[in-house]
Structure formats: structure tokens, C-alpha cells
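**Student:** My structure file target.cif, mmCIF, C-alpha atoms, is below:
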```
data_model
loop_
_atom_site.label_atom_id
_atom_site.label_comp_id
_atom_site.auth_asym_id
_atom_site.auth_seq_id
_atom_site.Cartn_x
_atom_site.Cartn_y
_atom_site.Cartn_z
CA MET A 1 -17.40 10.29 -27.42
CA LYS A 2 -18.19 9.45 -31.01
CA VAL A 3 -21.86 10.35 -30.55
CA LEU A 4 -20.89 14.02 -30.22
CA ARG A 5 -19.65 13.98 -33.82
CA PHE A 6 -23.29 13.78 -34.84
CA LEU A 7 -25.10 15.16 -31.77
CA VAL A 8 -23.53 18.62 -31.71
CA PRO A 9 -23.86 19.31 -35.48
CA GLY A 10 -27.41 17.95 -35.35
CA LEU A 11 -28.43 20.22 -32.48
CA CYS A 12 -26.72 23.15 -34.20
CA ALA A 13 -28.66 22.44 -37.41
CA VAL A 14 -31.93 22.42 -35.45
CA GLY A 15 -30.86 25.68 -33.82
CA VAL A 16 -30.26 27.33 -37.19
CA ALA A 17 -33.68 26.13 -38.36
CA ALA A 18 -35.32 27.49 -35.19
CA CYS A 19 -33.63 30.88 -35.69
CA GLY A 20 -34.84 30.87 -39.28
CA TYR A 21 -38.39 30.24 -38.11
CA ALA A 22 -38.14 33.03 -35.52
CA SER A 23 -36.74 35.38 -38.17
CA ALA A 24 -39.67 34.50 -40.42
CA ARG A 25 -42.03 35.42 -37.58
CA LEU A 26 -40.14 38.67 -37.13
CA ALA A 27 -40.54 39.45 -40.83
CA GLY A 28 -44.26 38.65 -40.69
CA ARG A 29 -43.97 35.66 -43.01
CA VAL A 30 -45.16 33.22 -40.32
CA PRO A 31 -48.19 33.95 -38.10
CA ALA A 32 -47.27 34.56 -34.46
CA GLY A 33 -50.32 32.75 -33.07
CA ASN A 34 -50.78 33.28 -29.32
CA LEU A 35 -47.17 34.36 -28.77
CA ALA A 36 -46.10 37.98 -28.56
CA LEU A 37 -44.39 39.53 -31.58
CA TYR A 38 -40.65 40.02 -31.42
CA PRO A 39 -39.29 43.58 -31.60
CA LEU A 40 -37.30 44.34 -34.74
CA TRP A 41 -34.01 44.54 -32.85
CA ALA A 42 -34.48 40.87 -31.87
CA GLY A 43 -33.15 40.05 -35.32
CA SER A 44 -29.64 40.63 -33.91
CA HIS A 45 -30.18 37.69 -31.56
CA PHE A 46 -31.38 35.30 -34.24
CA ALA A 47 -28.66 36.34 -36.70
CA THR A 48 -25.81 35.96 -34.22
CA ALA A 49 -27.26 32.73 -32.82
CA SER A 50 -27.44 31.24 -36.35
CA VAL A 51 -23.81 32.07 -37.14
CA PHE A 52 -22.70 30.89 -33.70
CA ALA A 53 -24.47 27.55 -34.25
CA ILE A 54 -22.58 27.14 -37.53
CA LEU A 55 -19.20 27.98 -35.98
CA ALA A 56 -19.58 25.95 -32.77
CA PRO A 57 -18.99 22.50 -34.33
CA LEU A 58 -15.88 23.85 -36.06
CA GLN A 59 -14.47 25.00 -32.73
CA LEU A 60 -15.00 21.55 -31.20
CA TRP A 61 -13.43 19.80 -34.21
CA ALA A 62 -10.09 18.46 -33.01
CA GLY A 63 -8.80 18.16 -36.57
CA LEU A 64 -9.18 21.88 -37.20
CA ARG A 65 -7.47 22.73 -33.91
CA SER A 66 -4.47 20.52 -34.66
CA ARG A 67 -4.05 21.17 -38.39
CA ARG A 68 -5.21 24.79 -38.64
CA PRO A 69 -4.62 26.42 -35.22
CA ALA A 70 -4.63 29.93 -36.72
CA VAL A 71 -8.08 29.32 -38.25
CA HIS A 72 -9.27 27.91 -34.92
CA ARG A 73 -8.16 31.07 -33.13
CA VAL A 74 -9.80 33.42 -35.65
CA VAL A 75 -13.06 31.47 -35.66
CA GLY A 76 -12.96 31.35 -31.86
CA ARG A 77 -12.64 35.12 -31.57
CA ILE A 78 -15.52 35.64 -33.97
CA ALA A 79 -17.66 33.11 -32.09
CA ALA A 80 -16.84 34.77 -28.76
CA VAL A 81 -17.99 38.19 -29.97
CA LEU A 82 -21.12 36.71 -31.53
CA GLY A 83 -21.78 34.80 -28.32
CA VAL A 84 -21.77 37.95 -26.22
CA VAL A 85 -24.20 39.70 -28.59
CA MET A 86 -26.37 36.58 -28.68
CA ALA A 87 -26.53 36.38 -24.87
CA VAL A 88 -27.19 40.06 -24.20
CA SER A 89 -29.84 40.35 -26.93
CA GLY A 90 -31.47 37.07 -25.90
CA LEU A 91 -31.81 38.19 -22.30
CA ALA A 92 -33.18 41.55 -23.45
CA ILE A 93 -35.86 39.77 -25.52
CA VAL A 94 -37.09 37.89 -22.47
CA TYR A 95 -37.26 40.98 -20.26
CA ASP A 96 -38.90 43.01 -23.02
CA ALA A 97 -41.63 40.46 -23.75
CA PRO A 98 -44.94 41.07 -21.94
CA ASP A 99 -46.01 37.42 -21.68
CA ARG A 100 -43.00 35.93 -19.85
CA THR A 101 -43.40 34.42 -16.40
CA VAL A 102 -41.20 35.00 -13.37
CA ALA A 103 -40.02 31.38 -13.61
CA GLU A 104 -38.75 31.93 -17.14
CA LEU A 105 -37.12 35.23 -16.23
CA ILE A 106 -35.23 33.46 -13.43
CA PHE A 107 -34.14 30.64 -15.70
CA MET A 108 -33.05 32.88 -18.56
CA THR A 109 -31.09 35.15 -16.22
CA VAL A 110 -29.24 32.22 -14.65
CA PHE A 111 -28.81 30.61 -18.06
CA PHE A 112 -27.29 33.61 -19.82
CA LEU A 113 -25.08 34.52 -16.86
CA GLY A 114 -23.85 30.93 -16.78
CA TYR A 115 -23.18 31.01 -20.50
CA LEU A 116 -21.24 34.29 -20.26
CA GLY A 117 -19.34 32.93 -17.26
CA PHE A 118 -18.22 29.81 -19.15
CA LEU A 119 -17.23 31.96 -22.12
CA ALA A 120 -15.19 34.34 -19.95
CA LEU A 121 -13.43 31.46 -18.18
CA GLY A 122 -12.65 29.84 -21.51
CA VAL A 123 -11.18 33.03 -22.94
CA ARG A 124 -9.13 33.59 -19.77
CA ALA A 125 -7.77 30.04 -19.94
CA ALA A 126 -6.79 30.53 -23.59
CA LEU A 127 -5.00 33.79 -22.80
CA GLY A 128 -3.17 31.95 -20.01
CA ARG A 129 -2.27 29.17 -22.49
CA ASN A 130 -4.06 26.58 -20.36
CA PHE A 131 -5.59 24.87 -23.36
CA THR A 132 -6.92 21.87 -21.44
CA ALA A 133 -9.02 24.15 -19.25
CA HIS A 134 -9.88 26.27 -22.30
CA ARG A 135 -11.37 23.29 -24.13
CA ALA A 136 -13.31 22.19 -21.05
CA TRP A 137 -14.86 25.62 -20.48
CA MET A 138 -15.73 25.99 -24.15
CA VAL A 139 -17.41 22.59 -24.21
CA ARG A 140 -19.52 23.70 -21.24
CA MET A 141 -20.26 26.98 -23.01
CA VAL A 142 -21.43 25.25 -26.20
CA ALA A 143 -23.52 22.80 -24.18
CA THR A 144 -25.18 25.75 -22.46
CA ALA A 145 -25.70 27.61 -25.74
CA LEU A 146 -27.49 24.58 -27.19
CA THR A 147 -29.91 24.36 -24.27
CA PRO A 148 -32.74 26.22 -26.09
CA VAL A 149 -32.51 23.59 -28.84
CA SER A 150 -32.70 20.71 -26.35
CA GLN A 151 -35.57 22.52 -24.62
CA ARG A 152 -37.61 22.58 -27.82
CA LEU A 153 -36.97 18.89 -28.41
CA ILE A 154 -37.93 17.95 -24.84
CA PHE A 155 -41.00 20.19 -24.56
CA PRO A 156 -43.32 18.41 -27.09
CA PRO A 157 -43.15 14.92 -25.49
CA LEU A 158 -43.33 16.51 -22.03
CA ALA A 159 -46.45 18.44 -23.04
CA ALA A 160 -47.96 15.35 -24.66
CA LEU A 161 -47.31 13.32 -21.51
CA LEU A 162 -48.61 15.83 -18.96
CA GLY A 163 -51.06 17.81 -21.08
CA ILE A 164 -51.61 21.55 -21.38
CA ASP A 165 -54.82 23.15 -20.08
CA GLY A 166 -53.81 26.79 -20.46
CA MET A 167 -50.97 29.26 -20.85
CA ALA A 168 -49.94 28.88 -17.20
CA THR A 169 -49.33 25.17 -17.71
CA PHE A 170 -47.64 25.89 -21.03
CA TRP A 171 -45.05 28.14 -19.40
CA GLN A 172 -44.54 25.76 -16.48
CA LEU A 173 -43.72 22.91 -18.85
CA PHE A 174 -41.70 25.15 -21.17
CA VAL A 175 -39.45 26.32 -18.33
CA SER A 176 -39.22 22.80 -16.92
CA ALA A 177 -38.05 21.57 -20.33
CA ALA A 178 -35.38 24.28 -20.27
CA TRP A 179 -33.97 23.14 -16.93
CA ILE A 180 -34.07 19.50 -18.02
CA GLY A 181 -32.39 20.35 -21.33
CA TRP A 182 -29.61 22.29 -19.62
CA ALA A 183 -29.01 19.48 -17.13
CA LEU A 184 -28.82 16.87 -19.89
CA ASN A 185 -26.50 19.01 -22.01
CA MET A 186 -24.17 19.63 -19.09
CA ALA A 187 -24.14 15.93 -18.18
CA VAL A 188 -23.09 15.07 -21.75
CA ALA A 189 -20.49 17.87 -21.70
CA GLU A 190 -18.94 16.66 -18.46
CA ALA A 191 -18.85 13.09 -19.78
CA TRP A 192 -17.09 14.34 -22.92
CA ILE A 193 -14.59 16.33 -20.87
CA GLN A 194 -13.81 13.39 -18.61
CA GLY A 195 -13.55 11.02 -21.56
CA SER A 196 -11.29 13.39 -23.43
CA SER A 197 -9.01 13.72 -20.40
CA ALA A 198 -8.83 9.94 -20.04
CA ARG A 199 -7.89 9.51 -23.72
CA ARG A 200 -5.22 12.21 -23.65
CA PRO A 201 -1.75 10.67 -23.24
CA VAL A 202 0.01 11.51 -20.01
CA ARG A 203 3.39 13.15 -20.50
CA ALA A 204 6.18 11.55 -18.56
CA GLU A 205 7.84 13.75 -15.98
CA PRO A 206 11.55 14.36 -16.61
CA ALA A 207 13.85 12.18 -14.57
CA PRO A 208 15.47 13.97 -11.67
CA ALA A 209 19.14 14.85 -12.05
CA ALA A 210 21.50 12.41 -10.42
#
```
If you convert what's in this file into C-alpha cells, what do you get?

**Tutor:**
Amino acid sequence: MKVLRFLVPGLCAVGVAACGYASARLAGRVPAGNLALYPLWAGSHFATASVFAILAPLQLWAGLRSRRPAVHRVVGRIAAVLGVVMAVSGLAIVYDAPDRTVAELIFMTVFFLGYLGFLALGVRAALGRNFTAHRAWMVRMVATALTPVSQRLIFPPLAALLGIDGMATFWQLFVSAAWIGWALNMAVAEAWIQGSSARRPVRAEPAPAA
């Protein structure tokens, strides 16, 4: 799907900007407003998430995989390690924050476990040299990782449409935007996987011996 050539880098760029904003809040350069302050160790999440968002489009770039497979493997290993740190630290932030709702805790737990599951399945497929499955799992992993970006793009129009009359409504809409964002990202990922499989030439089976 040609749209992914622009969609994924665009979402990753927004993700880097969002991590920069969160880091500025962490450093006290941006007022926190009504939201709780991040602990200092949360900087590990924003730093790893920023680098991961920069590396993710490279890993999905077919040209890099075909022309520079060694670079693809090195970048993939770096991204995998960063992804684990990003997931563990991100989940810790949610459980450490005093203003999170049960609904968000449930979503973030399912979300990060799903992300780590896709990552583990992708790594296992690569080690087993099943590169078709490896690409599919990694596409799902990246789609999941970009869910917080989609969430923040969906939340403003959702809030404008339904209105916010307090923090309870804010969190209800915020978590709803997260589920919607994840569903949309996964739908696009599955469409990309199916389209990629359809475009891949089918190898002819060898003729049986006479």
C-alpha cells in the first residue's frame, strides 16, 4: 500500500514530537497543567520511544532489507532492545501515576503485553528464518507501537464531538480513543500484510521426477 510510505513516517514524526513535548514537561520547561508530573526515570521511556520511532520506518523499508540486509539486521536488534525498554517503562509510568483510571490500566496492560507478544513472535520467526512471518509480526508490532500517536490524533475530534464535562469524561474518551486507534492501526496493518502477500510472486514447485 503506497499510503504507508507516508503514513508510517508521518505517525513516527508525530510520535517523536510527542516524546519531545513529554520530555520538556519532565524537564520543567512546559507546565504540566492538570496532569500529574512524570517521575525522572520516565525519561527512559521517552528517549527509547523517540529512537524507536526513528528506526521503525527503516525496518519497514523494503529497499533497505533487500540492498542492505546486514544493516537491517543490526537496526532490527537495536529496535528490539529499545522496544522492550519502551514497553516496560511505559507500563511502569501508568501504574506509578496517581491519576490513572482502571480502564486505562486495563488498556495499557493489554496493549503493552500485545506489543511484547508481537515483538517476541517476530524475533522467533526471524531466528527460524521464516521471514514472511517475521515481516508480518513486525508490521503488527509497529502498528501497535504507533497506537499512542493515533490515540492523540483521534482524541481531539472525539472530545470536540462528545464534549468533556470533567476528568472522568476526559479519561473515558482518552481510553476510548486508544482502543479506536489500536483497532484502526491493526486494520491497516492486516491490509498491508494481505496486500504484500498478494503482490509477492509465487515460487513454482519443482516438477516431480519421472

**Student:** Check which residues satisfy the PyMOL selection byres ((chain A and resi 152) around 10) in the file shown, then give them as a ChimeraX atom specification.

**Tutor:** /A:14-15,18,147-151,153-157,174,177-178,181

**Student:** Mind checking which residues fall within 12 Å of Cys12 of chain A, counting only C-alpha atoms, ignoring those fewer than 5 positions away in the same chain, and posting them as a list in words?

**Tutor:**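 Once the adjacent positions are removed, what remains is Leu4, Arg5, Phe6, Leu7, Ala17, Ala18, Cys19, Ala49, Ser50, Val51, Phe52, Ala53, Ile54, Leu55, Ala56, Pro57, Leu58, Val142, Ala143, Ala145, Leu146, Thr147, Pro148, Val149 and Ser150 of chain A.
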
**Student:** Could you give me the centre and size, in Å to one decimal, of an axis-aligned box around all listed atoms of segment 65-70 of chain A with 3 Å added on every side, as AutoDock Vina command-line options?

**Tutor:**
```
--center_x -5.8 --center_y 25.2 --center_z -36.3 --size_x 9.4 --size_y 15.4 --size_z 10.7
```

**Student:** Could you check which of A:Ala160, A:Ala80, A:Val75, A:Val110 is closest to Val123 of chain A, using all atoms listed in the file?

**Tutor:** A:Ala80

**Student:** Return the single residue from A:Gly90, A:Gly128, A:Gly122, A:Gly163 that is closest to Leu105 of chain A, with distances computed using all atoms listed in the file.

**Tutor:**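 Looking at the shortest contact to Leu105 of chain A, the residue is A:Gly90.
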
**Student:** So what does the PyMOL selection byres ((chain A and resi 119) around 10) actually pick up in this one, as a PyMOL selection string?

**Tutor:** chain A and resi 80+83-84+113-118+120-125+134+137-142

**Student:** Just C-alpha atoms for this one: save the residues we selected as a tab-separated table (two decimals), in the coordinates of the input.

**Tutor:**
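Listing of result-v1.tsv after writing:
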```tsv
chain	number	residue	atom	x	y	z
A	80	ALA	CA	-16.84	34.77	-28.76
A	83	GLY	CA	-21.78	34.80	-28.32
A	84	VAL	CA	-21.77	37.95	-26.22
A	113	LEU	CA	-25.08	34.52	-16.86
A	114	GLY	CA	-23.85	30.93	-16.78
A	115	TYR	CA	-23.18	31.01	-20.50
A	116	LEU	CA	-21.24	34.29	-20.26
A	117	GLY	CA	-19.34	32.93	-17.26
A	118	PHE	CA	-18.22	29.81	-19.15
A	120	ALA	CA	-15.19	34.34	-19.95
A	121	LEU	CA	-13.43	31.46	-18.18
A	122	GLY	CA	-12.65	29.84	-21.51
A	123	VAL	CA	-11.18	33.03	-22.94
A	124	ARG	CA	-9.13	33.59	-19.77
A	125	ALA	CA	-7.77	30.04	-19.94
A	134	HIS	CA	-9.88	26.27	-22.30
A	137	TRP	CA	-14.86	25.62	-20.48
A	138	MET	CA	-15.73	25.99	-24.15
A	139	VAL	CA	-17.41	22.59	-24.21
A	140	ARG	CA	-19.52	23.70	-21.24
A	141	MET	CA	-20.26	26.98	-23.01
A	142	VAL	CA	-21.43	25.25	-26.20
```

**Student:** Report, in Å with one decimal, the straight-line distance from atom CA of Arg67 of chain A to atom CA of Leu11 of chain A.

**Tutor:**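 Atom-to-atom, atom CA of Arg67 of chain A to atom CA of Leu11 of chain A, that is 25.1 Å.
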